[in-house]
Amino acid sequence: MARHKGRGWHGRLLGAGLGVTALAAATSVWTAQADPAGGRQPQARASAPDARSQGQVAADIAHASDRGARGVNITIDDGPDPVWTPQVLQLLKDSGVKATFCMVGTQAQAYPDLVKKVVAAGHRLCNHTVSHDTTMDTRSEEYQSQQILEAERMITEASGGVRPQYYRAPGGAFTPYSRQLAASRGMRPLGWNVDSKDFEHPGVDTMVATVKSEISNGPTVLFHDAGGDRSQTLAALREVLPWLRQQGYSFGFPVR
């Protein structure tokens, strides 16, 4: 899974994420405990949203759709954003499409009303870490735990108690530890098959052509609703969503 994004606009969020580290050390202490097979199993010892109602899910990275072979999963990353998320929500409503919103913890904390609107519209939530650090796979297990657990808490509190059902590592920077940790909290690791490249602002025609040519690679399509001007994203979605339906696809959610 290619790293399509650097830190970019999220660089300013890293300070906030690192500031949370001290809090995380006090509130979310994690250890690695040997399981009967000799593997390392993340184990919580402190406060984080209760995962018991969701149960543990598979730790491998999901791509498939719950709508089967002709299903498509629209995923929207990096928000919520006060300018662009409402427009994306309206477009999805007009199109009759449900999507999965992979939210950055600090963004969710800043705009809880938008998180609640996403949930109220029937979309699903995904944990995209506290500060969108694309070097997650080079960092310590303690740091990974802080980024995942604090984002889970932020998103859950912002939503009014609805927990994220997936975990997407920024830039695809998963590790075996982060996948296992997320899965133990009921968040299925989530990948993508088609990167619209909207973060690079390549032009609407290019983005549409990318989705059309790569949808045969798999059902999970990546767009963004934050990180700058998303007008190209909106224009591309207006073309892509009806085209996918015309091709016989239906819209669903990633498998869990």
# chains A, B, ... in the order shown; residues from 1 in each chain; ligands from 1
>>> select_by_dssp(residues="region 40-132 of chain A", states="helix (DSSP H, G or I)", output="VMD selection string")
chain A and resid 68 to 70 85 to 95 105 to 110 112 to 120
>>> residues_around(residues="Ile74 (chain A)", least_positions_apart="4", cutoff="7 Å", atoms="only C-alpha atoms", output="compact mmCIF listing (two decimals) with N, CA and C atoms, in the first residue's frame")
# COMPACT_ATOMS: atom_id res chain seq x y z
N ALA A 99 -21.18 6.18 3.28
CA ALA A 99 -19.72 6.14 3.20
C ALA A 99 -19.13 5.88 4.58
N THR A 100 -17.83 5.64 4.59
CA THR A 100 -17.07 5.47 5.82
C THR A 100 -16.13 6.66 5.97
N THR A 220 -12.69 -0.66 -2.47
CA THR A 220 -12.59 0.45 -1.51
C THR A 220 -11.87 1.63 -2.13
N VAL A 221 -12.60 2.76 -2.22
CA VAL A 221 -12.13 3.95 -2.92
C VAL A 221 -11.84 5.06 -1.91
N LEU A 222 -10.71 5.72 -2.08
CA LEU A 222 -10.24 6.73 -1.14
C LEU A 222 -10.43 8.15 -1.68
>>> decode(residues="region 59-71 of chain A", atoms="all heavy atoms", output="compact mmCIF listing (two decimals), in the first residue's frame")
# COMPACT_ATOMS: atom_id res chain seq x y z
N ALA A 59 -7.70 -8.98 12.43
CA ALA A 59 -6.62 -8.00 12.43
C ALA A 59 -6.00 -7.79 11.06
O ALA A 59 -5.16 -6.90 10.89
CB ALA A 59 -5.54 -8.41 13.42
N ASP A 60 -6.41 -8.59 10.06
CA ASP A 60 -5.88 -8.36 8.73
C ASP A 60 -6.57 -7.15 8.11
O ASP A 60 -7.67 -6.77 8.50
CB ASP A 60 -6.03 -9.60 7.85
CG ASP A 60 -7.48 -10.03 7.70
OD1 ASP A 60 -8.18 -10.12 8.73
OD2 ASP A 60 -7.93 -10.25 6.56
N ILE A 61 -5.92 -6.54 7.12
CA ILE A 61 -6.43 -5.31 6.53
C ILE A 61 -7.58 -5.62 5.59
O ILE A 61 -7.44 -6.39 4.64
CB ILE A 61 -5.31 -4.57 5.78
CG1 ILE A 61 -4.19 -4.18 6.76
CG2 ILE A 61 -5.85 -3.33 5.08
CD1 ILE A 61 -2.96 -3.61 6.10
N ALA A 62 -8.73 -5.00 5.87
CA ALA A 62 -9.94 -5.23 5.08
C ALA A 62 -9.93 -4.39 3.80
O ALA A 62 -9.48 -3.24 3.80
CB ALA A 62 -11.18 -4.90 5.90
N HIS A 63 -10.42 -4.99 2.74
CA HIS A 63 -10.66 -4.29 1.48
C HIS A 63 -12.05 -4.59 0.93
O HIS A 63 -12.64 -3.77 0.23
CB HIS A 63 -9.62 -4.67 0.42
CG HIS A 63 -8.23 -4.26 0.76
ND1 HIS A 63 -7.36 -5.06 1.48
CD2 HIS A 63 -7.53 -3.12 0.48
CE1 HIS A 63 -6.21 -4.44 1.62
NE2 HIS A 63 -6.27 -3.27 1.03
N ALA A 64 -12.57 -5.77 1.21
CA ALA A 64 -13.81 -6.23 0.60
C ALA A 64 -15.01 -5.41 1.07
O ALA A 64 -14.97 -4.74 2.11
CB ALA A 64 -14.03 -7.71 0.92
N SER A 65 -16.09 -5.50 0.31
CA SER A 65 -17.33 -4.80 0.63
C SER A 65 -18.36 -5.77 1.18
O SER A 65 -18.42 -6.93 0.76
CB SER A 65 -17.91 -4.13 -0.63
OG SER A 65 -19.18 -3.57 -0.36
N ASP A 66 -19.17 -5.28 2.11
CA ASP A 66 -20.25 -6.12 2.64
C ASP A 66 -21.37 -6.32 1.63
O ASP A 66 -22.31 -7.07 1.88
CB ASP A 66 -20.80 -5.56 3.96
CG ASP A 66 -21.46 -4.20 3.82
OD1 ASP A 66 -21.57 -3.67 2.69
OD2 ASP A 66 -21.88 -3.64 4.86
N ARG A 67 -21.27 -5.67 0.47
CA ARG A 67 -22.25 -5.87 -0.60
C ARG A 67 -21.80 -6.89 -1.63
O ARG A 67 -22.45 -7.05 -2.66
CB ARG A 67 -22.55 -4.53 -1.30
CG ARG A 67 -23.14 -3.47 -0.39
CD ARG A 67 -24.45 -3.89 0.25
NE ARG A 67 -25.50 -4.06 -0.75
CZ ARG A 67 -26.35 -3.10 -1.12
NH1 ARG A 67 -26.25 -1.90 -0.57
NH2 ARG A 67 -27.29 -3.33 -2.01
N GLY A 68 -20.71 -7.55 -1.37
CA GLY A 68 -20.27 -8.62 -2.25
C GLY A 68 -19.39 -8.15 -3.39
O GLY A 68 -18.82 -7.06 -3.37
N ALA A 69 -19.33 -8.98 -4.43
CA ALA A 69 -18.39 -8.76 -5.52
C ALA A 69 -18.66 -7.48 -6.30
O ALA A 69 -17.74 -6.89 -6.88
CB ALA A 69 -18.40 -9.95 -6.48
N ARG A 70 -19.91 -7.03 -6.32
CA ARG A 70 -20.25 -5.80 -7.04
C ARG A 70 -20.51 -4.65 -6.08
O ARG A 70 -21.17 -3.68 -6.42
CB ARG A 70 -21.46 -6.02 -7.94
CG ARG A 70 -21.27 -7.06 -9.01
CD ARG A 70 -20.22 -6.65 -10.02
NE ARG A 70 -20.65 -5.56 -10.89
CZ ARG A 70 -19.88 -5.00 -11.83
NH1 ARG A 70 -18.62 -5.41 -11.96
NH2 ARG A 70 -20.33 -4.03 -12.58
N GLY A 71 -19.95 -4.74 -4.90
CA GLY A 71 -20.07 -3.67 -3.93
C GLY A 71 -18.90 -2.69 -4.04
O GLY A 71 -17.81 -3.05 -4.48
